[in-house]
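Text of input.cif, listed as mmCIF, C-alpha atoms:
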data_model
loop_
_atom_site.label_atom_id
_atom_site.label_comp_id
_atom_site.auth_asym_id
_atom_site.auth_seq_id
_atom_site.Cartn_x
_atom_site.Cartn_y
_atom_site.Cartn_z
CA MET N 273 -17.61 -8.72 31.58
CA ARG N 274 -16.13 -6.53 28.86
CA LYS N 275 -12.86 -7.74 27.35
CA SER N 276 -9.74 -5.73 28.17
CA TRP N 277 -8.75 -3.34 25.39
CA MET N 278 -5.41 -5.20 25.41
CA SER N 279 -7.07 -8.61 25.04
CA THR N 280 -5.13 -11.18 23.02
CA LYS N 281 -8.37 -11.94 21.19
CA TYR N 282 -8.31 -8.46 19.69
CA LEU N 283 -4.71 -9.01 18.57
CA VAL N 284 -5.69 -12.26 16.84
CA LEU N 285 -8.65 -10.47 15.27
CA PHE N 286 -6.34 -7.72 14.01
CA PHE N 287 -3.99 -10.18 12.33
CA ALA N 288 -6.83 -12.26 10.86
CA LEU N 289 -8.72 -9.30 9.38
CA MET N 290 -5.59 -7.58 8.17
CA LEU N 291 -4.11 -10.62 6.42
CA ALA N 292 -7.46 -11.63 4.90
CA TRP N 293 -8.07 -8.13 3.53
CA THR N 294 -4.59 -7.74 2.02
CA TRP N 295 -4.34 -11.26 0.61
CA ILE N 296 -7.82 -11.21 -0.94
CA CYS N 297 -7.20 -7.84 -2.60
CA GLY N 298 -3.67 -8.83 -3.59
CA PHE N 299 -4.57 -12.15 -5.16
CA ILE N 300 -7.79 -11.17 -6.97
CA PRO N 301 -5.91 -9.46 -9.85
CA VAL N 302 -3.51 -12.43 -10.04
CA MET N 303 -6.23 -15.08 -10.02
CA PHE N 304 -8.38 -13.31 -12.63
CA GLY N 305 -5.50 -12.15 -14.81
CA PHE N 306 -5.78 -8.39 -14.71
CA THR N 307 -2.60 -7.36 -12.86
CA GLY N 308 -1.11 -4.20 -14.31
CA THR N 309 -4.47 -2.77 -15.34
CA GLY N 310 -6.00 0.24 -13.66
CA ALA N 311 -8.54 -1.89 -11.82
CA GLY N 312 -5.96 -4.47 -10.80
CA THR N 313 -3.56 -1.83 -9.47
CA PHE N 314 -6.34 -0.12 -7.51
CA ILE N 315 -7.48 -3.37 -5.88
CA PHE N 316 -3.92 -4.38 -5.08
CA TYR N 317 -3.06 -1.11 -3.35
CA PHE N 318 -6.45 -0.98 -1.66
CA GLY N 319 -5.34 -4.09 0.22
CA GLY N 320 -2.07 -2.44 1.18
CA GLY N 321 -3.73 -0.13 3.68
CA ALA N 322 -5.20 -2.95 5.75
CA PRO N 323 -2.72 -2.87 8.70
CA SER N 324 -3.40 0.77 9.52
CA VAL N 325 -7.12 0.78 8.73
CA VAL N 326 -7.91 -2.37 10.73
CA ALA N 327 -5.78 -1.11 13.64
CA LEU N 328 -7.50 2.28 13.71
CA PHE N 329 -10.90 0.61 13.60
CA LEU N 330 -10.02 -1.55 16.62
CA VAL N 331 -8.48 1.39 18.48
CA PHE N 332 -11.66 3.46 18.18
CA LEU N 333 -13.85 0.43 18.89
CA THR N 334 -12.05 -0.98 21.94
CA TYR N 335 -9.74 1.63 23.51
CA PRO N 336 -10.82 3.85 26.43
CA LYS N 337 -10.76 7.56 25.58
CA ASP N 338 -7.54 8.27 27.48
CA LYS N 339 -5.80 5.39 25.68
CA ILE N 340 -6.97 6.70 22.29
CA LYS N 341 -5.44 10.05 23.18
CA ASP N 342 -2.17 8.39 24.23
CA TYR N 343 -2.13 6.29 21.04
CA PHE N 344 -2.36 9.29 18.73
CA LYS N 345 0.07 11.31 20.82
CA ARG N 346 2.65 8.58 20.26
CA CYS N 347 1.83 8.64 16.54
CA ILE N 348 2.50 12.35 16.01
CA SER N 349 4.68 13.62 18.88
CA PHE N 350 8.09 14.72 17.57
CA ARG N 351 8.96 15.76 21.14
CA GLN N 352 8.73 12.14 22.26
CA THR N 353 10.57 10.87 19.19
CA GLY N 354 13.36 13.42 19.51
CA TRP N 355 16.04 14.02 16.91
CA LYS N 356 18.65 11.47 18.06
CA TRP N 357 17.17 8.20 16.77
CA PRO N 358 15.83 9.52 13.45
CA LEU N 359 19.29 10.98 12.79
CA ILE N 360 21.01 7.73 13.79
CA THR N 361 18.62 5.83 11.51
CA ILE N 362 19.39 8.08 8.53
CA LEU N 363 23.14 7.78 9.10
CA VAL N 364 23.00 3.99 9.54
CA PHE N 365 20.99 3.30 6.39
CA THR N 366 23.01 5.82 4.36
CA PHE N 367 26.28 4.22 5.47
CA LEU N 368 25.07 0.67 4.79
CA SER N 369 23.75 1.58 1.33
CA ALA N 370 26.92 3.52 0.42
CA VAL N 371 29.20 0.66 1.49
CA SER N 372 27.04 -1.84 -0.38
CA ILE N 373 27.17 0.20 -3.59
CA ALA N 374 30.92 0.70 -3.24
CA ILE N 375 31.46 -3.05 -2.86
CA GLY N 376 28.95 -4.00 -5.54
CA VAL N 377 30.04 -1.50 -8.19
CA GLY N 378 33.70 -1.11 -7.28
CA LEU N 379 34.66 -4.69 -6.43
CA LEU N 380 32.01 -6.97 -7.93
CA GLY N 381 31.29 -5.07 -11.12
CA TYR N 382 27.56 -4.61 -10.56
CA GLU N 383 25.67 -1.96 -12.49
CA MET N 384 25.49 1.43 -10.75
CA PRO N 385 21.99 2.45 -9.58
CA THR N 386 20.56 5.26 -11.72
CA MET N 387 19.35 7.18 -8.64
CA ASP N 388 16.53 8.87 -10.55
CA TYR N 389 14.95 10.36 -7.41
CA ILE N 390 18.25 11.91 -6.32
CA LYS N 391 18.70 13.40 -9.80
CA ALA N 392 15.18 14.82 -9.66
CA ILE N 393 15.92 16.43 -6.28
CA ALA N 394 19.21 17.82 -7.58
CA ALA N 395 17.39 19.34 -10.56
CA ASN N 396 14.70 20.85 -8.29
CA PRO N 397 15.26 20.72 -4.52
CA LEU N 398 11.52 21.14 -3.93
CA ASN N 399 11.08 17.63 -5.28
CA ILE N 400 12.36 16.35 -1.94
CA PHE N 401 8.94 17.06 -0.43
CA LEU N 402 7.25 14.93 -3.10
CA VAL N 403 9.80 12.13 -2.57
CA LEU N 404 9.27 12.22 1.21
CA LEU N 405 5.50 12.19 0.75
CA LEU N 406 5.66 9.17 -1.56
CA SER N 407 7.99 7.42 0.89
CA LEU N 408 5.64 8.14 3.78
CA ILE N 409 2.62 6.81 1.90
CA SER N 410 4.32 3.70 0.53
CA GLY N 411 4.81 1.90 3.82
CA PRO N 412 4.70 3.85 7.08
CA LEU N 413 1.32 5.55 6.66
CA ASN N 414 -0.60 2.48 5.52
CA GLU N 415 1.15 0.03 7.85
CA GLU N 416 2.61 1.54 11.02
CA PHE N 417 -0.65 2.39 12.78
CA GLY N 418 -0.96 -1.39 12.85
CA TRP N 419 2.52 -2.93 13.19
CA ARG N 420 4.05 -0.77 15.89
CA GLY N 421 0.93 1.18 16.81
CA TYR N 422 -1.37 -1.73 17.57
CA ALA N 423 0.36 -5.10 17.56
CA LEU N 424 3.79 -4.57 19.07
CA ASP N 425 2.77 -3.67 22.63
CA ARG N 426 0.71 -6.83 22.99
CA LEU N 427 3.46 -9.02 21.54
CA LEU N 428 6.04 -7.46 23.88
CA VAL N 429 3.87 -8.26 26.89
CA ILE N 430 3.16 -11.84 25.80
CA PHE N 431 6.53 -12.88 24.35
CA GLY N 432 9.13 -10.33 25.48
CA PHE N 433 11.27 -8.02 23.36
CA LEU N 434 13.15 -10.34 21.01
CA LYS N 435 10.57 -13.05 20.43
CA GLY N 436 7.71 -10.54 20.14
CA SER N 437 9.64 -8.44 17.62
CA LEU N 438 10.55 -11.49 15.51
CA ILE N 439 6.97 -12.77 15.51
CA LEU N 440 5.73 -9.37 14.35
CA GLY N 441 8.47 -9.33 11.70
CA PHE N 442 7.41 -12.74 10.40
CA ILE N 443 3.78 -11.64 10.06
CA TRP N 444 4.96 -8.39 8.47
CA ALA N 445 7.00 -10.40 5.96
CA ILE N 446 4.33 -12.92 4.96
CA TRP N 447 1.81 -10.09 4.70
CA HIS N 448 3.75 -9.27 1.51
CA LEU N 449 2.85 -12.64 -0.07
CA PRO N 450 0.76 -11.15 -2.93
CA TRP N 451 3.75 -8.95 -3.86
CA TYR N 452 5.60 -12.10 -5.01
CA PHE N 453 2.99 -12.69 -7.72
CA THR N 454 2.41 -9.10 -8.85
CA PRO N 455 4.63 -7.84 -11.71
CA GLY N 456 6.46 -4.63 -10.92
CA GLN N 457 6.87 -5.36 -7.22
CA ALA N 458 10.32 -5.90 -5.71
CA GLN N 459 9.39 -9.31 -4.31
CA TYR N 460 8.18 -10.44 -7.75
CA ASN N 461 11.57 -9.49 -9.22
CA LEU N 462 13.36 -11.33 -6.40
CA LEU N 463 11.38 -14.51 -7.06
CA LYS N 464 12.09 -14.34 -10.79
CA ASP N 465 15.79 -13.80 -10.18
CA SER N 466 16.36 -16.30 -7.35
CA PRO N 467 14.01 -18.27 -5.06
CA PHE N 468 16.73 -18.04 -2.40
CA HIS N 469 16.77 -14.22 -2.55
CA ALA N 470 12.97 -14.24 -2.41
CA LEU N 471 13.02 -16.48 0.66
CA MET N 472 15.63 -14.31 2.38
CA PHE N 473 13.21 -11.41 2.27
CA ILE N 474 11.41 -13.02 5.22
CA PRO N 475 14.33 -13.14 7.71
CA SER N 476 15.46 -9.70 6.56
CA VAL N 477 12.09 -8.21 7.51
CA MET N 478 12.10 -10.12 10.80
CA MET N 479 15.49 -8.65 11.64
CA LEU N 480 14.42 -5.17 10.56
CA SER N 481 11.45 -5.58 12.90
CA VAL N 482 13.87 -6.06 15.82
CA PHE N 483 15.68 -2.83 14.94
CA VAL N 484 12.39 -0.91 14.70
CA SER N 485 11.35 -2.35 18.08
CA PHE N 486 14.75 -1.36 19.48
CA VAL N 487 14.16 2.27 18.47
CA TYR N 488 10.58 2.00 19.74
CA VAL N 489 11.89 1.06 23.19
CA LYS N 490 14.60 3.73 23.10
CA THR N 491 11.98 6.42 22.36
CA ASN N 492 9.55 5.26 25.06
CA ARG N 493 7.12 3.62 22.60
CA SER N 494 7.06 6.33 19.95
CA ILE N 495 4.98 4.99 17.07
CA LEU N 496 6.26 7.91 14.99
CA ALA N 497 9.86 6.82 15.61
CA GLY N 498 9.05 3.31 14.38
CA ALA N 499 7.38 4.74 11.30
CA LEU N 500 10.45 6.87 10.55
CA VAL N 501 12.74 3.84 10.75
CA HIS N 502 10.42 2.07 8.31
CA MET N 503 10.35 5.10 6.02
CA PHE N 504 14.12 5.71 5.99
CA SER N 505 14.77 2.01 5.43
CA ASN N 506 12.64 2.12 2.27
CA LEU N 507 13.73 5.58 1.17
CA ILE N 508 17.50 5.24 1.54
CA GLY N 509 17.82 1.54 0.82
CA SER N 510 15.69 1.42 -2.32
CA GLN N 511 13.60 4.41 -3.42
CA LEU N 512 16.40 6.97 -3.73
CA LEU N 513 18.53 4.44 -5.60
CA SER N 514 15.87 3.45 -8.13
CA SER N 515 16.35 2.04 -10.59
CA TYR N 516 18.83 -0.61 -9.50
CA THR N 517 19.68 -4.23 -10.15
CA THR N 518 18.62 -7.18 -8.03
CA GLU N 519 22.30 -7.77 -7.22
CA ILE N 520 22.64 -4.31 -5.63
CA SER N 521 19.30 -4.73 -3.88
CA MET N 522 20.34 -8.00 -2.27
CA LEU N 523 23.79 -6.72 -1.34
CA ILE N 524 22.15 -3.84 0.54
CA ARG N 525 19.70 -6.26 2.14
CA TYR N 526 22.46 -8.58 3.36
CA MET N 527 24.52 -5.64 4.63
CA ASN N 528 21.46 -4.42 6.55
CA MET N 529 20.92 -7.90 7.96
CA ALA N 530 24.50 -7.96 9.27
CA PHE N 531 23.84 -4.69 11.09
CA PHE N 532 20.49 -5.92 12.43
CA LEU N 533 22.21 -9.06 13.69
CA GLY N 534 24.52 -6.83 15.69
CA VAL N 535 21.51 -5.07 17.20
CA ILE N 536 19.94 -8.44 18.07
CA VAL N 537 23.14 -9.60 19.81
CA TYR N 538 23.37 -6.32 21.72
CA ALA N 539 19.71 -6.44 22.77
CA SER N 540 20.16 -10.05 23.91
CA LEU N 541 23.30 -9.41 25.98
CA SER N 542 23.04 -5.83 27.22
CA ARG N 543 21.79 -5.63 30.80
CA ARG N 544 21.08 -1.94 30.31
CA PHE N 545 18.84 -2.51 27.31
CA LYS N 546 17.11 -5.44 29.00
CA LYS N 547 16.21 -3.11 31.87
CA GLU N 548 14.94 -0.50 29.42
CA ALA N 549 12.80 -3.07 27.60
CA ALA N 550 11.50 -4.48 30.88
CA ALA N 551 10.57 -0.97 32.03
CA VAL N 552 8.68 -0.30 28.80
CA ILE N 553 6.82 -3.62 29.07
CA GLY N 554 6.03 -2.81 32.71
CA ARG N 555 4.45 0.51 31.68
CA ILE N 556 2.35 -1.27 29.05
CA LYS N 557 1.06 -3.65 31.73
CA GLU N 558 0.31 -0.75 34.07
CA GLN N 559 -1.72 0.96 31.33
CA GLU N 560 -3.69 -2.25 30.80
CA GLN N 561 -4.44 -2.53 34.52
CA GLU N 562 -5.62 1.08 34.57
CA GLY N 563 -8.30 -0.03 32.10
#

File written out as structure tokens:
Amino acid sequence: MRKSWMSTKYLVLFFALMLAWTWICGFIPVMFGFTGTGAGTFIFYFGGGAPSVVALFLVFLTYPKDKIKDYFKRCISFRQTGWKWPLITILVFTFLSAVSIAIGVGLLGYEMPTMDYIKAIAANPLNIFLVLLLSLISGPLNEEFGWRGYALDRLLVIFGFLKGSLILGFIWAIWHLPWYFTPGQAQYNLLKDSPFHALMFIPSVMMLSVFVSFVYVKTNRSILAGALVHMFSNLIGSQLLSSYTTEISMLIRYMNMAFFLGVIVYASLSRRFKKEAAAVIGRIKEQEQEG
């Protein structure tokens, strides 16, 4: 009998292949001492696309045709995503970053971020399209076909909203392990500056995962909406501010974590949201039964 396209075995296979691919490519330049070279950079970033590539391979290999169509509809449909949650996401991350900078620079005496990308956009507004393209490529495009597109539905069904989102966030965080040993990466700088800051990257990603899942539920499983949260988190919280000090980076991270904690508390206590999440999980189960 053919395995269900939602089989847990396929989920385990996704995580195993994806982590092996990324970690092998990420650690080869480190182990053989050619990080920072052209070849080392190519191999490192080649591993960065594993979540999306492995997910797409499994989608085409195991999904029925109607489920493939639904999958890609949820990846590209702006109608399903709507304008409300992308706008809320932009406002939230902008507010959190602005408050963090005000506290860090104004009260704690931290160095002001140079905001090179913002200056480039101010000098030539057309540069915003290049910035958005780079932001889309460096995270959402090479990851979100896998994280929210492939793995999240299965984890929601097996573990429920909160536990499933945290488990995905933990895997998402440790997937970055090679980044800690690759010069030029944010996680490498965190580890050099403070092992505690480096360790806190893991719970921060787990909590971000809950917020992305929250928006995913609110938009009726829009993979695009999840990708936009990921993109705006990176864009507003780091890329537009570059270059910036580790102190500012961590202040923004901790401010974000405080907000995410509020989302977690709300999702845990709100009867309305629990019903929404249960309804979404119910629809996932119905799709699986349809075969």

*What lies within 12 Å of Gln457 (chain N) using all atoms listed in the file, ignoring chain neighbours under 3 positions off, as JSON, numbers by chain?*
{"N": [298, 307, 308, 313, 316, 317, 448, 449, 450, 451, 452, 453, 454, 460, 461, 462, 463, 464, 470, 518]}

*asked:* I'd like the interatomic distance between CA of Arg346 (chain N) and CA of Thr491 (chain N), to a tenth of an Å.
replied: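 So the answer is 9.8 Å.
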
_Val364 (chain N) surroundings by all atoms listed in the file, 12 Å radius, close-in-sequence under 4 positions cut, as a count of residues only_ = 20

Please, which residues in region 403-467 of chain N fall within 12 Å of region 288-294 of chain N when counting only C-alpha atoms, and what is the closest atom pair and distance in Å to one decimal for each, ordered by chain then residue number, as a tab-separated table?
residue	atom	partner	partner_atom	distance
N:Asn414	CA	N:Thr294	CA	11.5
N:Glu415	CA	N:Met290	CA	10.2
N:Gly418	CA	N:Met290	CA	9.0
N:Trp419	CA	N:Met290	CA	10.6
N:Tyr422	CA	N:Met290	CA	11.8
N:Ala423	CA	N:Met290	CA	11.4
N:Ile443	CA	N:Leu291	CA	8.7
N:Trp444	CA	N:Leu291	CA	9.6
N:Ala445	CA	N:Leu291	CA	11.1
N:Ile446	CA	N:Leu291	CA	8.9
N:Trp447	CA	N:Leu291	CA	6.2
N:His448	CA	N:Thr294	CA	8.5
N:Leu449	CA	N:Thr294	CA	9.2
N:Pro450	CA	N:Thr294	CA	8.0
N:Trp451	CA	N:Thr294	CA	10.3

Quick one: write out the picked residues with C-alpha atoms as a tab-separated table (two decimals), in the coordinates of the input?
chain	number	residue	atom	x	y	z
N	414	ASN	CA	-0.60	2.48	5.52
N	415	GLU	CA	1.15	0.03	7.85
N	418	GLY	CA	-0.96	-1.39	12.85
N	419	TRP	CA	2.52	-2.93	13.19
N	422	TYR	CA	-1.37	-1.73	17.57
N	423	ALA	CA	0.36	-5.10	17.56
N	443	ILE	CA	3.78	-11.64	10.06
N	444	TRP	CA	4.96	-8.39	8.47
N	445	ALA	CA	7.00	-10.40	5.96
N	446	ILE	CA	4.33	-12.92	4.96
N	447	TRP	CA	1.81	-10.09	4.70
N	448	HIS	CA	3.75	-9.27	1.51
N	449	LEU	CA	2.85	-12.64	-0.07
N	450	PRO	CA	0.76	-11.15	-2.93
N	451	TRP	CA	3.75	-8.95	-3.86

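One finds CA of Ser521 (chain N) at 13.6 Å from CA of Phe468 (chain N).
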
*Surrounding residues of region 382-384 of chain N excluding itself and chain neighbours under 2 positions, 12 Å, only C-alpha atoms, as a list of chain:residue names*: N:Ala370, N:Ser372, N:Ile373, N:Ala374, N:Ile375, N:Gly376, N:Val377, N:Gly378, N:Leu379, N:Leu380, N:Thr386, N:Met387, N:Asp388, N:Leu513, N:Ser514, N:Ser515, N:Tyr516, N:Thr517, N:Thr518, N:Glu519, N:Ile520, N:Ser521, N:Met522, N:Leu523

*Provide the CA of Met478 (chain N) to CA of Phe442 (chain N) distance in Å, to one decimal place.*
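Atom-to-atom, CA of Met478 (chain N) to CA of Phe442 (chain N), that is 5.4 Å.
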
*asked:* Measuring between only C-alpha atoms, which one of N:Ala394, N:Ile348, N:Leu480, N:Ala322 shows the shortest distance to Tyr526 (chain N)?
replied: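 So, comparing all the options, the nearest one is N:Leu480.
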
*Do you know which residues the PyMOL selection byres ((chain N and resi 557-561) around 12) returns on this file, as a PyMOL selection string?*
chain N and resi 275-280+335-336+338-340+342-343+425-430+550-556+562-563

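Using only C-alpha atoms for every distance, the candidate list N:Met529, N:Arg420, N:Ala392, N:Phe350 yields N:Arg420 as the residue closest to Pro323 (chain N).
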
*Hey, what's within 12 Å of His502 (chain N) if we count all atoms listed in the file and toss same-chain stuff fewer than 5 positions away? As a PyMOL selection string, please?*
chain N and resi 358+361-362+365+407-417+419-420+444+477+480-485+487-488+495-497+507-510
